[in-house]
>>> print(open('model.txt').read())   # compact mmCIF, C-alpha atoms
# COMPACT_ATOMS: atom_id res chain seq x y z
CA MET A 1 41.52 31.08 45.69
CA GLN A 2 37.81 31.61 46.30
CA VAL A 3 35.15 28.91 46.47
CA ARG A 4 31.41 29.35 45.97
CA PHE A 5 28.76 26.65 46.29
CA TRP A 6 26.03 26.81 43.62
CA GLY A 7 24.54 23.34 44.15
CA VAL A 8 25.00 21.06 47.17
CA ARG A 9 22.30 18.36 46.87
CA GLY A 10 22.73 14.80 45.71
CA SER A 11 20.72 12.52 43.43
CA ILE A 12 17.98 14.91 42.34
CA ALA A 13 17.14 18.58 42.73
CA SER A 14 14.89 19.19 45.73
CA PRO A 15 13.34 22.66 45.77
CA GLY A 16 10.85 23.51 48.49
CA ALA A 17 10.22 25.28 51.76
CA ASP A 18 12.05 22.62 53.78
CA THR A 19 15.26 22.85 51.72
CA ALA A 20 15.37 26.54 50.82
CA LEU A 21 18.10 27.56 53.28
CA VAL A 22 20.58 24.84 52.39
CA GLY A 23 19.48 24.88 48.76
CA GLY A 24 17.92 22.33 46.44
CA ASN A 25 20.24 22.41 43.41
CA THR A 26 22.52 19.50 42.58
CA SER A 27 26.31 19.50 42.59
CA CYS A 28 28.13 22.56 41.31
CA VAL A 29 31.09 24.30 42.99
CA GLU A 30 32.92 27.29 41.53
CA VAL A 31 36.62 27.77 42.28
CA ARG A 32 38.13 31.09 41.24
CA CYS A 33 41.90 31.03 40.89
CA GLY A 34 42.91 34.55 39.95
CA ASP A 35 41.50 35.06 36.45
CA ARG A 36 40.87 31.33 35.92
CA ARG A 37 37.46 29.84 36.72
CA VAL A 38 37.25 26.11 37.47
CA VAL A 39 33.84 24.53 38.03
CA LEU A 40 33.44 21.22 39.84
CA ASP A 41 30.48 19.33 38.36
CA ALA A 42 27.63 20.62 36.22
CA GLY A 43 24.52 19.84 38.23
CA THR A 44 21.49 22.12 38.26
CA GLY A 45 23.43 24.74 40.23
CA LEU A 46 25.34 25.49 37.02
CA ARG A 47 22.33 27.40 35.67
CA GLN A 48 22.58 30.09 38.34
CA LEU A 49 26.36 30.29 37.93
CA GLY A 50 25.88 31.00 34.23
CA ASP A 51 23.36 33.74 34.98
CA SER A 52 25.81 35.28 37.45
CA MET A 53 28.63 35.24 34.89
CA LEU A 54 26.48 37.12 32.40
CA ARG A 55 25.44 39.72 34.99
CA GLU A 56 29.07 40.28 35.94
CA ARG A 57 30.12 40.44 32.29
CA ALA A 58 32.76 37.94 33.35
CA PRO A 59 35.09 36.33 30.81
CA LEU A 60 33.21 33.36 29.40
CA ARG A 61 36.22 31.04 29.56
CA THR A 62 35.49 28.17 31.89
CA THR A 63 36.84 24.72 32.73
CA VAL A 64 34.37 22.18 34.10
CA LEU A 65 35.66 19.11 35.93
CA LEU A 66 33.05 16.34 36.00
CA SER A 67 33.32 13.77 38.76
CA HIS A 68 31.23 11.32 36.68
CA TYR A 69 28.29 11.25 34.30
CA HIS A 70 25.27 10.52 36.46
CA TRP A 71 22.44 12.84 35.63
CA ASP A 72 22.54 14.97 38.77
CA HIS A 73 26.11 15.98 37.88
CA ILE A 74 25.61 16.98 34.23
CA GLN A 75 22.01 18.11 33.81
CA GLY A 76 22.75 21.80 34.41
CA LEU A 77 24.82 22.14 31.26
CA PRO A 78 21.91 22.47 28.76
CA PHE A 79 20.61 25.38 30.88
CA PHE A 80 24.01 27.12 31.22
CA VAL A 81 23.23 30.27 29.23
CA PRO A 82 26.87 31.05 28.28
CA LEU A 83 26.73 27.83 26.26
CA TYR A 84 24.57 29.71 23.76
CA VAL A 85 26.63 32.92 23.70
CA PRO A 86 29.17 33.43 20.88
CA GLY A 87 32.69 33.78 22.26
CA THR A 88 32.22 31.38 25.16
CA GLU A 89 35.09 28.92 25.52
CA LEU A 90 34.17 25.87 27.56
CA GLU A 91 36.39 22.89 28.29
CA VAL A 92 34.70 19.93 29.95
CA ILE A 93 36.97 17.34 31.55
CA GLY A 94 35.82 14.01 32.97
CA PRO A 95 36.82 10.43 33.72
CA ALA A 96 37.87 8.18 30.86
CA GLN A 97 35.23 5.52 31.41
CA SER A 98 35.15 4.86 27.67
CA GLU A 99 36.44 6.40 24.46
CA GLN A 100 35.00 9.91 24.05
CA ALA A 101 33.21 9.46 27.38
CA VAL A 102 32.79 13.17 28.10
CA ARG A 103 31.44 14.23 24.74
CA GLY A 104 29.31 11.11 24.50
CA ALA A 105 27.56 11.86 27.79
CA LEU A 106 26.94 15.51 26.87
CA VAL A 107 25.70 14.67 23.38
CA HIS A 108 23.39 11.99 24.77
CA GLN A 109 21.54 14.34 27.14
CA MET A 110 21.13 17.02 24.45
CA GLN A 111 19.37 15.12 21.71
CA ALA A 112 15.83 14.23 20.74
CA PRO A 113 13.53 13.25 22.26
CA VAL A 114 14.82 14.53 25.62
CA PHE A 115 16.19 17.97 24.60
CA PRO A 116 15.48 20.27 21.64
CA VAL A 117 19.01 21.66 21.06
CA ARG A 118 21.94 19.45 20.10
CA LEU A 119 25.41 20.06 21.52
CA ASP A 120 26.76 20.70 18.02
CA GLU A 121 24.22 23.53 17.57
CA VAL A 122 25.33 25.72 20.50
CA ALA A 123 27.29 28.94 19.91
CA ALA A 124 30.06 28.21 22.42
CA ARG A 125 33.28 26.47 21.54
CA VAL A 126 33.11 23.24 23.57
CA ALA A 127 36.23 21.12 23.99
CA THR A 128 36.32 17.85 25.94
CA ARG A 129 39.08 15.82 27.51
CA GLU A 130 39.27 12.51 29.41
CA VAL A 131 41.42 11.98 32.52
CA ARG A 132 42.47 9.06 34.68
CA ALA A 133 43.57 8.64 38.28
CA GLY A 134 47.09 9.95 38.70
CA ASP A 135 46.84 12.53 35.94
CA VAL A 136 48.11 16.05 36.63
CA LEU A 137 46.70 18.92 34.55
CA GLU A 138 48.14 22.41 34.22
CA LEU A 139 45.57 25.11 33.48
CA ASP A 140 47.75 28.22 33.26
CA ASP A 141 48.87 28.69 36.87
CA VAL A 142 46.32 26.21 38.25
CA VAL A 143 47.31 22.59 38.89
CA VAL A 144 44.61 19.89 38.96
CA ARG A 145 45.37 16.41 40.31
CA VAL A 146 43.07 13.45 39.70
CA ALA A 147 42.18 10.55 42.02
CA ARG A 148 39.81 7.60 41.74
CA GLY A 149 36.87 7.22 44.08
CA ASN A 150 34.45 4.37 44.80
CA HIS A 151 31.12 4.74 43.01
CA PRO A 152 29.05 2.56 40.63
CA GLY A 153 30.38 3.20 37.12
CA GLY A 154 33.46 4.99 38.42
CA VAL A 155 34.16 8.48 39.71
CA CYS A 156 37.05 10.95 39.79
CA GLY A 157 38.04 13.22 42.63
CA TYR A 158 39.98 16.42 42.02
CA ARG A 159 42.55 18.49 43.88
CA VAL A 160 42.77 22.07 42.61
CA GLU A 161 45.90 24.01 43.61
CA HIS A 162 46.67 27.67 43.03
CA ALA A 163 48.95 30.23 44.68
CA GLY A 164 49.66 28.01 47.68
CA ALA A 165 46.00 27.15 48.35
CA SER A 166 44.17 23.90 47.60
CA VAL A 167 40.67 22.46 47.57
CA VAL A 168 39.90 18.73 47.30
CA TYR A 169 36.58 17.62 45.81
CA LEU A 170 35.55 14.03 46.60
CA THR A 171 31.86 13.54 46.05
CA ASP A 172 29.95 10.34 45.24
CA ASN A 173 32.60 8.33 47.03
CA GLU A 174 31.69 5.35 49.19
CA HIS A 175 34.04 4.80 52.10
CA TYR A 176 35.60 1.46 53.01
CA ALA A 177 35.86 -0.24 56.40
CA CYS A 178 38.94 1.90 57.01
CA THR A 179 39.85 5.30 55.64
CA ASP A 180 41.27 4.90 52.14
CA PRO A 181 45.03 5.64 52.47
CA LYS A 182 45.21 6.79 48.85
CA LEU A 183 42.58 9.45 49.51
CA VAL A 184 44.30 10.46 52.75
CA ALA A 185 47.47 11.10 50.76
CA PHE A 186 45.50 12.84 48.01
CA ALA A 187 43.79 15.24 50.44
CA ALA A 188 46.79 15.73 52.74
CA GLY A 189 47.14 19.31 53.95
CA ALA A 190 44.39 20.74 51.72
CA ASP A 191 42.80 23.99 52.87
CA LEU A 192 39.31 22.66 52.13
CA LEU A 193 37.91 19.15 51.69
CA VAL A 194 34.50 18.92 50.00
CA TYR A 195 33.28 15.39 50.67
CA ASP A 196 30.16 13.29 50.12
CA ALA A 197 28.18 13.13 53.37
CA GLN A 198 24.82 12.04 51.99
CA TYR A 199 23.98 9.53 54.73
CA THR A 200 24.07 9.16 58.46
CA PRO A 201 25.74 5.94 59.67
CA GLU A 202 22.29 4.53 60.47
CA GLU A 203 21.02 5.24 56.94
CA TYR A 204 24.16 3.90 55.33
CA ALA A 205 23.61 0.41 56.75
CA ALA A 206 20.72 -0.06 54.29
CA LYS A 207 22.52 1.59 51.36
CA VAL A 208 25.85 -0.21 51.15
CA GLY A 209 26.99 -0.30 47.54
CA TRP A 210 25.03 2.79 46.47
CA GLY A 211 28.25 4.81 46.17
CA HIS A 212 27.87 7.40 48.93
CA SER A 213 29.37 8.11 52.32
CA THR A 214 28.64 9.54 55.77
CA TYR A 215 29.65 12.57 57.78
CA VAL A 216 31.57 10.25 60.13
CA ALA A 217 33.70 8.84 57.31
CA GLY A 218 34.23 12.35 55.95
CA ALA A 219 35.36 13.65 59.33
CA ALA A 220 37.75 10.73 59.69
CA LEU A 221 39.29 11.46 56.30
CA ALA A 222 39.55 15.17 57.17
CA ALA A 223 41.33 14.38 60.43
CA GLU A 224 43.76 11.84 58.97
CA ALA A 225 44.57 14.08 56.00
CA GLY A 226 45.07 17.13 58.22
CA VAL A 227 42.86 19.41 56.12
CA GLY A 228 41.99 22.94 57.12
CA ALA A 229 38.22 22.52 56.92
CA PHE A 230 35.67 19.88 55.92
CA ALA A 231 32.54 20.79 53.93
CA LEU A 232 29.72 18.22 54.13
CA PHE A 233 28.38 17.90 50.59
CA HIS A 234 25.89 16.03 48.37
CA HIS A 235 23.11 16.28 50.94
CA ASP A 236 20.31 13.75 50.61
CA PRO A 237 17.40 15.32 48.67
CA SER A 238 15.00 14.43 51.49
CA ARG A 239 17.16 16.12 54.17
CA THR A 240 15.48 19.24 55.55
CA ASP A 241 17.37 22.37 56.49
CA GLY A 242 17.02 21.53 60.15
CA ALA A 243 18.25 17.98 59.67
CA VAL A 244 21.32 19.23 57.76
CA ALA A 245 22.09 21.56 60.68
CA GLN A 246 21.84 18.63 63.10
CA ILE A 247 24.26 16.56 61.01
CA GLU A 248 26.61 19.55 60.83
CA ALA A 249 26.71 19.68 64.62
CA LEU A 250 27.34 15.94 64.87
CA ALA A 251 30.18 16.17 62.37
CA GLN A 252 31.81 18.88 64.47
CA GLU A 253 32.01 16.43 67.36
CA HIS A 254 34.28 14.27 65.18
CA PHE A 255 36.18 17.07 63.39
CA ALA A 256 35.73 20.54 64.84
CA ARG A 257 36.32 22.43 61.59
CA SER A 258 33.33 20.87 59.83
CA PHE A 259 30.42 22.71 58.23
CA ALA A 260 27.55 21.90 55.88
CA ALA A 261 27.90 23.25 52.36
CA ARG A 262 25.03 25.59 51.49
CA GLU A 263 24.09 27.30 48.26
CA GLY A 264 25.51 30.79 47.98
CA LEU A 265 28.23 30.23 50.58
CA GLU A 266 31.48 31.92 49.49
CA LEU A 267 34.84 31.16 51.07
CA ASP A 268 38.22 32.83 50.66
CA LEU A 269 40.89 30.18 51.22
CA ALA A 270 43.36 32.88 52.28
CA ARG A 271 41.51 32.92 55.60
CA SER A 272 42.51 30.65 58.47
CA PRO A 273 40.69 27.29 58.78
CA ASP A 274 38.94 28.42 61.95
CA SER A 275 37.70 31.62 60.34
CA LEU A 276 36.47 29.67 57.29
CA CYS A 277 34.32 27.44 59.48
CA ASP A 278 33.24 30.33 61.68
CA ARG A 279 32.00 32.23 58.63
CA ALA A 280 30.19 29.19 57.28
CA THR A 281 28.45 28.26 60.53
CA ARG A 282 27.61 31.85 61.56
CA ARG A 283 26.01 32.48 58.17
CA SER A 284 23.91 29.32 58.36
CA SER A 285 22.88 29.92 61.98
CA ALA A 286 21.72 33.45 61.14
CA ARG A 287 19.64 32.20 58.23
CA LEU A 288 18.02 29.49 60.36
CA PHE A 289 17.22 32.03 63.07
CA VAL A 290 15.57 34.37 60.57
CA ASP A 291 13.58 31.51 59.11
CA GLU A 292 12.34 30.31 62.50
CA GLY A 293 11.46 33.87 63.49
CA ALA A 294 9.40 34.32 60.35
>>> encode(input="model.txt", output="structure tokens")
Amino acid sequence: MQVRFWGVRGSIASPGADTALVGGNTSCVEVRCGDRRVVLDAGTGLRQLGDSMLRERAPLRTTVLLSHYHWDHIQGLPFFVPLYVPGTELEVIGPAQSEQAVRGALVHQMQAPVFPVRLDEVAARVATREVRAGDVLELDDVVVRVARGNHPGGVCGYRVEHAGASVVYLTDNEHYACTDPKLVAFAAGADLLVYDAQYTPEEYAAKVGWGHSTYVAGAALAAEAGVGAFALFHHDPSRTDGAVAQIEALAQEHFARSFAAREGLELDLARSPDSLCDRATRRSSARLFVDEGA
């Protein structure tokens, strides 16, 4: 199982000199499980993933798991070039917030006056499916488990398992006063936990009820669940590269195998947890050093 981060920001894309190293695209994580490609969320990072698939001449069969339907998690789909290529097979799965919730959200963002191409006009074959907490999906030899998070309008978390490896994706989840025991059980023993760490504890005090969490809550969940590594995710759009690095260091004081997710970072879950984090932090430190030297 290999994981690549294509978009790591929350709320809105934030390109610019101060965010270039961490990346400014919104949520999109690719998980390769043998020949099967599973994509977690379809934020603006999905555009670059699509371009990469075409360059690689990769099979255009993809499953997208949407955590929820807020704009920053779906707005990459209209710019996903394989959507317009004949032969593409795309299945989009998301929470059953209403009847036909997935297709309804995708149709809504691809219609006049906000977009010139309707979903029913694309060349790809697009199938949709709704899921609920507790569901277990089998995608060939990949197993996907579904949990419920805490976010305005609802949100799903996913656990993707393949060949003895597992990644848990819990973004846009607001923590409670104590660590949610259901999420501890859901994430238990995972090789990698990707968790919403949009706020510092000081920032969170003014944003209770907004549906996001902190690096402290994420580290606590990682420790209680006994995960291999914890990736801080859904970075605040105003967070500079340097500020993300500072939060990364603070998170490591709570859970040593913590690192900040950054665009372009690729991880092989066959590696040990320590080597995963070492690769992630060495790569980011080198990029920061080059940037400061320039």
>>> residues_near_point(input="model.txt", point="(42.6, 20.7, 54.1)", cutoff="10 Å", atoms="all atoms listed in the file", output="JSON, numbers by chain")
{"A": [165, 166, 167, 168, 187, 188, 189, 190, 191, 192, 193, 194, 222, 223, 225, 226, 227, 228, 229, 230, 257, 273]}
>>> closest_residue(input="model.txt", among="A:Leu83, A:Ala260, A:Leu276, A:Val142", to="A:Ala231", atoms="only C-alpha atoms")
A:Ala260
>>> closest_residue(input="model.txt", among="A:Val64, A:Val107, A:Ala270, A:Pro15", to="A:Gly164", atoms="all atoms listed in the file")
A:Ala270
>>> closest_atom_pairs(input="model.txt", of="stretch 143-176 of chain A", to="stretch 41-52 of chain A", cutoff="12 Å", atoms="all atoms listed in the file", output="CSV")
residue,atom,partner,partner_atom,distance
A:Val155,CA,A:Asp41,CA,11.5
A:Cys156,CA,A:Asp41,CA,10.7
A:Gly157,CA,A:Asp41,CA,10.6
A:Tyr158,CA,A:Asp41,CA,10.6
A:Tyr169,CA,A:Asp41,CA,9.8
A:Leu170,CA,A:Asp41,CA,11.0
A:Thr171,CA,A:Asp41,CA,9.7
A:Asp172,CA,A:Asp41,CA,11.3
>>> atom_distance(input="model.txt", atom1="atom CA of A:Arg145", atom2="atom CA of A:Ala133")
8.2 Å
>>> closest_residue(input="model.txt", among="A:Ala220, A:Ala58, A:Ala163, A:Ala197", to="A:Thr179", atoms="only C-alpha atoms")
A:Ala220
>>> residues_around(input="model.txt", residues="stretch 239-243 of chain A", least_positions_apart="3", cutoff="12 Å", atoms="all atoms listed in the file", output="PyMOL selection string")
chain A and resi 8-24+197-200+203+233-236+246-250+260-263+284-285+287-289+291-292
>>> residues_near_point(input="model.txt", point="(25.7, 1.1, 46.1)", cutoff="9 Å", atoms="all atoms listed in the file", output="list in words")
His151, Pro152, Glu174, Lys207, Val208, Gly209, Trp210, Gly211 and His212 of chain A
>>> atom_distance(input="model.txt", atom1="atom CA of A:His73", atom2="atom CA of A:Cys277")
25.8 Å
>>> closest_residue(input="model.txt", among="A:Val160, A:Ala147, A:Leu106, A:Ala177", to="A:Ala127", atoms="only C-alpha atoms")
A:Leu106
>>> closest_residue(input="model.txt", among="A:Val144, A:Ala280, A:Gly104, A:Arg125", to="A:Val31", atoms="only C-alpha atoms")
A:Val144
>>> atom_distance(input="model.txt", atom1="atom CA of A:Cys178", atom2="atom CA of A:Ala219")
12.5 Å
